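Novice: One structure, as structure tokens, below. Some questions next.
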Amino acid sequence: MNWSDLGSLAPIIWAVLTAAAVLLVDIAAPGRRAPAIATALMGLAVTAAVVLSLAGHTETAFGGAYVVDGLTAFLDLLFVAIAALTIMFADDYLQPRGLPIAEFAAVLIFAITGAMLVAGSADLLLLFVALELMVLPGYLLAGYARNDPYSTEGAIKYFLLGSFSSAILLFGLAYVWGLTGSTRVDVVAAALAQAAAKGSIAPGLAMGLAFMTAGVAFKMAAVPFHYWTPDAYQGSPTPVTAYLSVGPKIGAFAVALRLFVAALGPLKADWLPIVIVLAALTMTLGNLVAITQDNVKRMLAYSSIAHTGYILVGLAAYAGGQHSGISAILFYGAAYTFMNMGAFAVITALQRRPGVTSQISTFAGLGRRSPWLGALMALFLLSLTGIPPLAGFWAKAYVIVAAIQAGGWLTALAVLAMLNAAAAAFYYLRVVVYMYMRDPAEDAPPLSPGLLFRVGLAVTGIATLVFGLFPAILNAASSAAGVLKG
Amino acid sequence: MSGLPILSLITFLPLLGAVLIAVLPSGDPNLIRRTALGTALATWVLSLILLVAFARTQAGFQFTEAADWIPSFGIQYKLGVDGLSVLMVVLTTTLSWISILASFGPIKFRVKEYMISFLVLEVGMIGVFVALDLFLFYIFWELVLVPMYLIIGIWGGANRIYATMKFVLYTLVGSLLMLVAILATAFTYQAATGSWAGAFDYEKLQAFAAAGSFGQNFQLLAFLALFLAFAIKVPMFPFHTWLPDAHTEAPTAGSVILAGVLLKLGAYGLIRFAVPLYPYAAHTFAWPIIVLSVIAIVYGAIVSIVQPDLKRLIAYSSVSHMGFVTLGIFVFTATALQGAILQMINHGLITGGLFLLVGVVYERTHDRSIAKMGGLAATMPIWSTVFGFFILASAGLPGLSGFVGEFLVFVGSFVYAPGIVVASIIVMVLVATYLLWMFQRVAFGPVSDFLAGLGDHVTDMSRVEFATLAPLAALIVVFGLFPSLILDFLNGPVQHFLVAAGSAVGG
């Protein structure tokens, strides 16, 4: 280790310092919310600035275990944005319920530190440790409302299944290490490329591949490894759900990019069929079950499973020989982050008063109760549906583009994805029906989200629109970030 | 041509109006109504200027505008019109202001949202007709969907939510498959030329297709996807089941636009994109499509006879009338295609008028069931006269415009398949049956108990209502007597279509 290694690690160091500072501020001013929030947001802003200052460089640190490249920078920025938005939305929910914000912010920032570390991992062991750092705080956050039995139930399910999947993933990694003799991504890739060239894949390697796929699929919430998702999402406090639906999911895709693409890329012909089947199952089942939900949070949980399926189409397109699949995954991740967090934020605003459920009937007449919230929710839902010219449309379009270009079975997968998108319109638009075509309940109280909350909502709304009207911006960024070698 | 981007102006002027209305106070519905009407009229005037300035004898696209939009995929903002699209744009702008005027009375709540939706809808419809980039076309195509979804869902009848969901889901299935087909077409082009430049450009793709460069299997798949999207919109049998629900539940102006313009989007897509880009596939599937068209003509007419609801009856008659359009397209003769395009325009004018007339009665009685009507000729003489006129036009009375289109389709198809034409002509008897029988039950005989019970509420048409119908009636007479006014615009597009379609069979 030398000083330049620490320089490469600067964003992560800043994130850890931010989390620590939030805790210190809370000790200095116990129970005061504004200082903790301000510290957290300022720290995240500095972290983002540090990431930007490193952008454009490609360096490795710690003997090649950690790598700073375009992919790291893109994902780091995304994770920082996720954390900042979550904190902006969280206080409106936590404060009325008497839950502290400082611990929430600190735990959340630790979680995204893990995610950022995943993004830069070039070593399988570091990848695993970083993944655990990302998910462990997630269990805490899911059970953050301690007195709410649903929150506790969701957290325990999330924790148990998450731990299993981590163990399974680690087991798979052990096979790879045993058969290639290294945990370094580039060494593993080279060894596998040799093995693939000879046309002989050891049975142990196939076992390892199966275990790793199952482990990562758990984290992404891909069908049939998705059972924890609906309960964890529905039970968690709504801002936590917003975070869980994007943070760990994109983190899991970061794992996939570093593990499947970078390390296991030479075997892509072998894992392509698995990803195709996973993608087809995930989007179809996620959508079909989402149609039957009457609780919007649970509906969005299933829809998030469906979106995992669409993103997997991008991974399949990469395995099918289209390198653009990777930038499609990144674009999708960014677009999904803003539109989905926005949708959850609107639910949070409705639930500001404790006791308000996320049943679809809560949304009745929202368009008249609060025109702005209604319009924004409609925008997010239309974007999630994939109506042009919104961000969600381009996200789907790029994934489909990559899949059609790859051809073969992937064309069929692209058609399936489009049919799924049409089916998804049913449940997204159902919320719009409630918001605009039904009358509000007589006793519905006025909605008054806080200032910070409004700023966050504006950011997600503007991002959904701007990435939709000018997709070239985000597309350029994600293409530049797709530095992984085919 | 002057440097003025007239197509962009026409397309986005309604959007400007929508933005303006968004900032107006919602407490003054009359100001909102007038602003919307003013915007639609201004758009209409611009489109008439376009119509006059359009060089009818010149082939190819005119008033083209092009700018890069997403250069990495060669996606452009490219607009242009030929004779076909110019007529469709004018039809759209005409029906739009008429519909907005017709909404003054019936739409009493949330006027602001209604007018914004309507103007955005107009942007989408005009955009579809002027887009020359396949991607841009798709964007406008989807843009039509959302406002119509809101218009049916918020201001529609009792069963509106079921109807609007059905409308959206049917359309979306088709349009997403269309997106896949468009992307696949662009890739095939990109793979063959090695460059993304022009991969979504209609003119370049069409030249590429004319050279026979799209493989046959590829054509079959892409055509099917595109055809499905357009067939749902037209709607062709058996994809028509959304139409009666949507028509019946939509507010009057929504029905007018649905029948007048939205159905034409599908036919336009077939003429502009599906056939010229995939001629081999179009010829391969021509027979099944012709058979489906004839089924639509017959089935629509038979089902119309038994409809108890005025709007539902007109909706099913639309299925029948649009069958002539698809028949006319897929027999690949100049006469039949001219007839099909005429039929598109006539159907827009006539059916639009019929929906307006039903809306007039509905305003007074809040009912549309034929059984409850009777003797309206006594209580609403002007309405009954005008209704009778539109009924006769719809039944294809010679001298009115409906006749010319159907006649040309018959003549053009006869060369191709005499048997089918004979079958279709027999159907014309059915058409007369259901229309005249309906008219008889509604207008003649003693005044029904239901109407008598309403007493003074059943007043005759107001001046505004008459003003919405007079221009349509005038156009029906003019086009009936002088169809060449339209046909003159169609020489270029029809020749282009036949050459493009013929390139598959080496003719």
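A note on labels: chains of the structure tokens are A, B, ... as shown, every chain counts residues from 1, and ligands are counted from 1 in their shown order.
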Which residues are near Leu376 (chain A)? Cut-off 9 Å, only C-alpha atoms, ignore same chain within fewer than 4 positions. Put them as number ranges by chain.
Specialist: A: 342-343, 346, 371-372, 380-381, 457-458, 461
Novice: Take the residues from that selection and write them out as a PDB file, in the first residue's frame, keeping N, CA and C atoms.
Specialist:
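Result file out.pdb:
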```
ATOM      1  N   GLY A 342     -38.709   8.501  -7.258  1.00  0.00           N
ATOM      2  CA  GLY A 342     -39.746   9.524  -7.311  1.00  0.00           C
ATOM      3  C   GLY A 342     -41.116   8.939  -6.950  1.00  0.00           C
ATOM      4  N   ALA A 343     -41.417   7.770  -7.525  1.00  0.00           N
ATOM      5  CA  ALA A 343     -42.713   7.151  -7.240  1.00  0.00           C
ATOM      6  C   ALA A 343     -42.825   6.816  -5.753  1.00  0.00           C
ATOM      7  N   VAL A 346     -43.550   9.891  -3.656  1.00  0.00           N
ATOM      8  CA  VAL A 346     -44.945  10.332  -3.607  1.00  0.00           C
ATOM      9  C   VAL A 346     -45.719   9.497  -2.573  1.00  0.00           C
ATOM     10  N   PRO A 371     -52.368  18.774  -7.032  1.00  0.00           N
ATOM     11  CA  PRO A 371     -52.093  18.653  -8.466  1.00  0.00           C
ATOM     12  C   PRO A 371     -50.628  18.326  -8.773  1.00  0.00           C
ATOM     13  N   TRP A 372     -49.704  18.927  -8.000  1.00  0.00           N
ATOM     14  CA  TRP A 372     -48.293  18.694  -8.318  1.00  0.00           C
ATOM     15  C   TRP A 372     -47.872  17.267  -8.011  1.00  0.00           C
ATOM     16  N   PHE A 380     -43.921   9.722 -13.189  1.00  0.00           N
ATOM     17  CA  PHE A 380     -43.073   8.578 -12.820  1.00  0.00           C
ATOM     18  C   PHE A 380     -43.689   7.276 -13.315  1.00  0.00           C
ATOM     19  N   LEU A 381     -45.007   7.159 -13.170  1.00  0.00           N
ATOM     20  CA  LEU A 381     -45.645   5.900 -13.574  1.00  0.00           C
ATOM     21  C   LEU A 381     -45.599   5.730 -15.085  1.00  0.00           C
ATOM     22  N   LEU A 457     -37.967  15.755  -4.754  1.00  0.00           N
ATOM     23  CA  LEU A 457     -38.981  15.359  -5.728  1.00  0.00           C
ATOM     24  C   LEU A 457     -38.753  16.078  -7.056  1.00  0.00           C
ATOM     25  N   ALA A 458     -38.382  17.341  -6.953  1.00  0.00           N
ATOM     26  CA  ALA A 458     -38.110  18.103  -8.175  1.00  0.00           C
ATOM     27  C   ALA A 458     -36.932  17.479  -8.926  1.00  0.00           C
ATOM     28  N   GLY A 461     -38.084  14.339 -10.650  1.00  0.00           N
ATOM     29  CA  GLY A 461     -38.977  14.669 -11.765  1.00  0.00           C
ATOM     30  C   GLY A 461     -38.219  15.240 -12.945  1.00  0.00           C
TER      31      GLY A 461
END
```
Novice: Kindly provide, as JSON, numbers by chain, the residues of chain B having any atom no farther than 7 Å from an atom of chain A, counting only C-alpha atoms.
Specialist: {"B": [70, 139, 142, 153, 154, 169, 172, 173, 176, 177, 180, 183, 184, 187]}
Novice: Show me, as number ranges by chain, the residues that have an atom within 9 Å of region 110-116 of chain B when counting only C-alpha atoms, minus same-chain residues fewer than 5 positions from it.
Specialist: B: 14-15, 17-19, 21-22, 24-26, 29-30, 32-33, 36, 100, 104, 121, 147, 150-151, 154-155
Novice: Please write the residues from the selection above to a file, keeping C-alpha atoms, as a compact mmCIF listing (two decimals), in the first residue's frame.
Specialist:
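What follows is the written file part_12.txt:
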```txt
# COMPACT_ATOMS: atom_id res chain seq x y z
CA PRO B 14 -51.35 23.24 -30.19
CA LEU B 15 -48.65 22.47 -27.63
CA GLY B 17 -51.79 26.60 -26.65
CA ALA B 18 -51.73 23.79 -24.07
CA VAL B 19 -48.91 25.48 -22.17
CA ILE B 21 -53.90 27.16 -20.93
CA ALA B 22 -51.87 25.53 -18.17
CA LEU B 24 -54.47 30.42 -17.16
CA PRO B 25 -56.58 30.52 -13.98
CA SER B 26 -58.80 27.45 -13.79
CA PRO B 29 -63.57 28.05 -17.97
CA ASN B 30 -64.83 30.29 -20.76
CA ILE B 32 -59.88 28.41 -21.34
CA ARG B 33 -62.43 27.23 -23.88
CA ALA B 36 -58.30 26.27 -26.90
CA ILE B 100 -63.21 21.51 -29.26
CA PHE B 104 -68.03 23.75 -24.98
CA LEU B 121 -53.64 14.91 -28.57
CA PRO B 147 -54.31 12.14 -23.71
CA LEU B 150 -57.33 10.54 -20.00
CA ILE B 151 -60.13 11.89 -22.18
CA ILE B 154 -62.03 11.15 -16.93
CA TRP B 155 -64.81 12.59 -19.07
```
Novice: Expressed in Å to a single decimal, how great is the separation between CA of Ser175 (chain B) and CA of Ala229 (chain B)?
Specialist: 5.2 Å
Novice: Within 8 Å of Met148 (chain B), counting only C-alpha atoms, which residues qualify if same-chain residues fewer than 2 places away don't, as a VMD selection string?
Specialist: chain B and resid 117 to 118 121 144 to 146 150 to 152 254
Novice: Grab the residues selected above and save them as a CSV table (one decimal), in the first residue's frame with C-alpha atoms.
Specialist:
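Written out: result.csv:
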```csv
chain,number,residue,atom,x,y,z
B,117,SER,CA,-55.3,16.9,-23.1
B,118,PHE,CA,-57.1,17.7,-26.4
B,121,LEU,CA,-53.6,14.9,-28.6
B,144,VAL,CA,-51.5,10.1,-29.0
B,145,LEU,CA,-52.2,7.4,-26.4
B,146,VAL,CA,-51.9,9.2,-23.1
B,150,LEU,CA,-57.3,10.5,-20.0
B,151,ILE,CA,-60.1,11.9,-22.2
B,152,ILE,CA,-62.0,8.6,-22.1
B,254,GLY,CA,-63.4,11.9,-28.0
```
Novice: Please provide as a VMD selection string all residues within 12 Å of Leu392 (chain B), with the sequence filter that same-chain residues fewer than 6 positions apart are discarded (counting only C-alpha atoms).
Specialist: chain B and resid 350 to 351 354 385 to 386 398 to 403 431 to 439 473 476 to 477
Novice: Skipping near chain neighbours, those fewer than 2 positions away, what residues fall within 7 Å of Tyr66 (chain A) using only C-alpha atoms, listed as a list in words?
Specialist: Thr60, Ala61, Phe62, Gly64, Val68, Gly120, Ser121 and Ala122 of chain A
Novice: So that I have them on file, write out the residues from the current selection with N, CA and C atoms, as a short mmCIF file (atom, residue, chain, number, x, y, z; two decimals), in the first residue's frame.
Specialist:
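Written file, selection-v8.cif:
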```cif
data_model
loop_
_atom_site.label_atom_id
_atom_site.label_comp_id
_atom_site.auth_asym_id
_atom_site.auth_seq_id
_atom_site.Cartn_x
_atom_site.Cartn_y
_atom_site.Cartn_z
N THR A 60 -5.35 1.32 -10.81
CA THR A 60 -5.63 0.23 -9.89
C THR A 60 -4.88 0.50 -8.60
N ALA A 61 -5.41 -0.03 -7.51
CA ALA A 61 -4.79 0.21 -6.21
C ALA A 61 -4.77 -1.09 -5.42
N PHE A 62 -3.99 -1.12 -4.39
CA PHE A 62 -3.90 -2.28 -3.51
C PHE A 62 -3.58 -3.55 -4.29
N GLY A 64 -3.90 -4.24 -7.35
CA GLY A 64 -4.86 -4.68 -8.36
C GLY A 64 -6.18 -5.13 -7.79
N VAL A 68 -10.13 1.96 -10.23
CA VAL A 68 -10.89 3.18 -10.48
C VAL A 68 -10.97 3.36 -11.98
N GLY A 120 -15.90 -0.84 -7.50
CA GLY A 120 -14.49 -0.79 -7.86
C GLY A 120 -13.74 -2.08 -7.60
N SER A 121 -14.47 -3.16 -7.26
CA SER A 121 -13.76 -4.38 -6.88
C SER A 121 -13.17 -5.08 -8.09
N ALA A 122 -11.90 -5.42 -7.99
CA ALA A 122 -11.27 -6.21 -9.03
C ALA A 122 -10.71 -7.49 -8.42
#
```
Novice: Restricting the calculation to only C-alpha atoms, which member of A:Asn287, A:Thr113, A:Thr238, A:Ser383 is positioned closest to Val356 (chain A)?
Specialist: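 Closest to Val356 (chain A) of all the choices is A:Thr238.
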Novice: Name all residues at most 7 Å from Pro440 (chain A) (count only C-alpha atoms; drop same-chain ones fewer than 4 positions away) and give them as a list in words.
Specialist: Ala364, Gly365, Leu366 and Ala444 of chain A
Novice: I'd like the interatomic distance between CA of Phe344 (chain A) and CA of Arg258 (chain A), to a tenth of an Å.
Specialist: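 Separating CA of Phe344 (chain A) from CA of Arg258 (chain A) is a distance of 28.8 Å.
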Novice: With only C-alpha atoms as the basis for distance, which of A:Ala119, A:Ala290, A:Ile12, A:Ala83 is at the shortest distance from Val51 (chain A)?
Specialist: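 Using only C-alpha atoms, Val51 (chain A) sits closest to A:Ile12.
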Novice: What gap, in Å, lies between CA of Pro5 (chain B) and CA of Met125 (chain B)?
Specialist: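 These atoms are spaced 18.0 Å apart.
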Novice: Apply DSSP to the structure's backbone, then extract all residues of region 309-379 of chain A labelled alpha helix (DSSP H) and return them as a ChimeraX atom specification.
Specialist: /A:309-319,324-350,366-369,371-379
Novice: What would the file look like if the residues just selected were written as a short mmCIF file (atom, residue, chain, number, x, y, z; two decimals), in the first residue's frame with N, CA and C atoms?
Specialist:
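Everything below was put into selection.cif:
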```cif
data_model
loop_
_atom_site.label_atom_id
_atom_site.label_comp_id
_atom_site.auth_asym_id
_atom_site.auth_seq_id
_atom_site.Cartn_x
_atom_site.Cartn_y
_atom_site.Cartn_z
N GLY A 309 -35.82 -7.98 -14.48
CA GLY A 309 -35.87 -8.80 -15.69
C GLY A 309 -35.43 -8.02 -16.92
N TYR A 310 -35.92 -6.76 -17.05
CA TYR A 310 -35.52 -5.97 -18.21
C TYR A 310 -34.02 -5.72 -18.20
N ILE A 311 -33.48 -5.44 -16.99
CA ILE A 311 -32.04 -5.16 -16.94
C ILE A 311 -31.26 -6.42 -17.30
N LEU A 312 -31.79 -7.58 -16.88
CA LEU A 312 -31.12 -8.84 -17.23
C LEU A 312 -31.08 -9.04 -18.74
N VAL A 313 -32.08 -8.51 -19.43
CA VAL A 313 -32.05 -8.60 -20.90
C VAL A 313 -30.78 -7.93 -21.42
N GLY A 314 -30.41 -6.81 -20.79
CA GLY A 314 -29.18 -6.13 -21.18
C GLY A 314 -27.96 -7.01 -20.94
N LEU A 315 -27.95 -7.71 -19.80
CA LEU A 315 -26.83 -8.61 -19.49
C LEU A 315 -26.79 -9.75 -20.51
N ALA A 316 -27.97 -10.25 -20.85
CA ALA A 316 -28.03 -11.32 -21.85
C ALA A 316 -27.52 -10.83 -23.20
N ALA A 317 -27.86 -9.57 -23.54
CA ALA A 317 -27.40 -9.02 -24.81
C ALA A 317 -25.88 -8.94 -24.82
N TYR A 318 -25.30 -8.57 -23.68
CA TYR A 318 -23.83 -8.56 -23.60
C TYR A 318 -23.28 -9.95 -23.87
N ALA A 319 -23.87 -10.95 -23.19
CA ALA A 319 -23.39 -12.31 -23.36
C ALA A 319 -23.61 -12.79 -24.79
N SER A 324 -22.88 -3.20 -26.27
CA SER A 324 -23.76 -2.09 -25.87
C SER A 324 -24.72 -2.52 -24.77
N GLY A 325 -24.84 -3.83 -24.53
CA GLY A 325 -25.68 -4.29 -23.43
C GLY A 325 -25.26 -3.70 -22.10
N ILE A 326 -23.96 -3.47 -21.93
CA ILE A 326 -23.47 -2.96 -20.65
C ILE A 326 -23.89 -1.52 -20.44
N SER A 327 -23.72 -0.68 -21.46
CA SER A 327 -24.16 0.70 -21.27
C SER A 327 -25.68 0.76 -21.14
N ALA A 328 -26.37 -0.20 -21.77
CA ALA A 328 -27.83 -0.24 -21.60
C ALA A 328 -28.18 -0.54 -20.15
N ILE A 329 -27.43 -1.46 -19.51
CA ILE A 329 -27.67 -1.77 -18.10
C ILE A 329 -27.47 -0.51 -17.26
N LEU A 330 -26.38 0.20 -17.54
CA LEU A 330 -26.07 1.39 -16.73
C LEU A 330 -27.14 2.47 -16.93
N PHE A 331 -27.53 2.67 -18.19
CA PHE A 331 -28.57 3.66 -18.45
C PHE A 331 -29.85 3.29 -17.71
N TYR A 332 -30.19 2.01 -17.81
CA TYR A 332 -31.41 1.55 -17.15
C TYR A 332 -31.33 1.80 -15.65
N GLY A 333 -30.18 1.46 -15.08
CA GLY A 333 -30.03 1.65 -13.64
C GLY A 333 -30.24 3.09 -13.24
N ALA A 334 -29.65 4.01 -13.99
CA ALA A 334 -29.78 5.42 -13.64
C ALA A 334 -31.22 5.90 -13.84
N ALA A 335 -31.80 5.56 -14.97
CA ALA A 335 -33.18 6.00 -15.23
C ALA A 335 -34.13 5.42 -14.19
N TYR A 336 -33.96 4.14 -13.89
CA TYR A 336 -34.84 3.48 -12.93
C TYR A 336 -34.69 4.12 -11.56
N THR A 337 -33.46 4.49 -11.19
CA THR A 337 -33.24 5.12 -9.91
C THR A 337 -34.13 6.33 -9.73
N PHE A 338 -34.10 7.22 -10.72
CA PHE A 338 -34.82 8.48 -10.53
C PHE A 338 -36.33 8.27 -10.58
N MET A 339 -36.80 7.49 -11.55
CA MET A 339 -38.26 7.39 -11.66
C MET A 339 -38.85 6.58 -10.52
N ASN A 340 -38.14 5.53 -10.10
CA ASN A 340 -38.69 4.69 -9.05
C ASN A 340 -38.61 5.38 -7.69
N MET A 341 -37.49 6.06 -7.42
CA MET A 341 -37.41 6.78 -6.16
C MET A 341 -38.46 7.88 -6.11
N GLY A 342 -38.71 8.50 -7.26
CA GLY A 342 -39.75 9.52 -7.31
C GLY A 342 -41.12 8.94 -6.95
N ALA A 343 -41.42 7.77 -7.52
CA ALA A 343 -42.71 7.15 -7.24
C ALA A 343 -42.83 6.82 -5.75
N PHE A 344 -41.77 6.26 -5.19
CA PHE A 344 -41.81 5.95 -3.75
C PHE A 344 -41.90 7.23 -2.92
N ALA A 345 -41.28 8.31 -3.40
CA ALA A 345 -41.35 9.56 -2.66
C ALA A 345 -42.79 10.05 -2.57
N VAL A 346 -43.55 9.89 -3.66
CA VAL A 346 -44.94 10.33 -3.61
C VAL A 346 -45.72 9.50 -2.57
N ILE A 347 -45.42 8.20 -2.53
CA ILE A 347 -46.07 7.38 -1.50
C ILE A 347 -45.68 7.90 -0.11
N THR A 348 -44.40 8.22 0.04
CA THR A 348 -43.94 8.75 1.33
C THR A 348 -44.71 10.00 1.71
N ALA A 349 -44.92 10.88 0.73
CA ALA A 349 -45.65 12.12 1.02
C ALA A 349 -47.07 11.82 1.50
N LEU A 350 -47.70 10.82 0.87
CA LEU A 350 -49.05 10.45 1.28
C LEU A 350 -49.04 9.88 2.69
N LEU A 366 -55.94 11.97 -5.94
CA LEU A 366 -54.70 12.70 -5.62
C LEU A 366 -54.49 13.85 -6.61
N GLY A 367 -54.90 13.63 -7.86
CA GLY A 367 -54.75 14.67 -8.88
C GLY A 367 -55.45 15.95 -8.48
N ARG A 368 -56.51 15.85 -7.67
CA ARG A 368 -57.20 17.07 -7.25
C ARG A 368 -56.76 17.53 -5.87
N ARG A 369 -56.42 16.57 -5.01
CA ARG A 369 -55.97 16.96 -3.67
C ARG A 369 -54.67 17.73 -3.76
N PRO A 371 -52.37 18.77 -7.03
CA PRO A 371 -52.09 18.65 -8.47
C PRO A 371 -50.63 18.33 -8.77
N TRP A 372 -49.70 18.93 -8.00
CA TRP A 372 -48.29 18.69 -8.32
C TRP A 372 -47.87 17.27 -8.01
N LEU A 373 -48.25 16.78 -6.84
CA LEU A 373 -47.89 15.41 -6.50
C LEU A 373 -48.53 14.44 -7.49
N GLY A 374 -49.79 14.72 -7.84
CA GLY A 374 -50.48 13.85 -8.78
C GLY A 374 -49.77 13.83 -10.12
N ALA A 375 -49.43 15.04 -10.62
CA ALA A 375 -48.80 15.12 -11.93
C ALA A 375 -47.44 14.41 -11.92
N LEU A 376 -46.68 14.61 -10.82
CA LEU A 376 -45.37 13.96 -10.75
C LEU A 376 -45.51 12.44 -10.69
N MET A 377 -46.47 11.97 -9.89
CA MET A 377 -46.67 10.52 -9.80
C MET A 377 -47.04 9.98 -11.16
N ALA A 378 -47.91 10.70 -11.87
CA ALA A 378 -48.29 10.25 -13.22
C ALA A 378 -47.06 10.19 -14.11
N LEU A 379 -46.21 11.21 -13.98
CA LEU A 379 -44.98 11.23 -14.79
C LEU A 379 -44.11 10.01 -14.49
#
```
Novice: Run DSSP on the backbone and tell me which residues of region 61-213 of chain B come out as strand (DSSP E); list them as JSON, numbers by chain.
Specialist: {"B": [62, 63, 64, 65, 66, 67, 68, 69, 70, 75, 76, 77, 78, 79, 80, 81]}
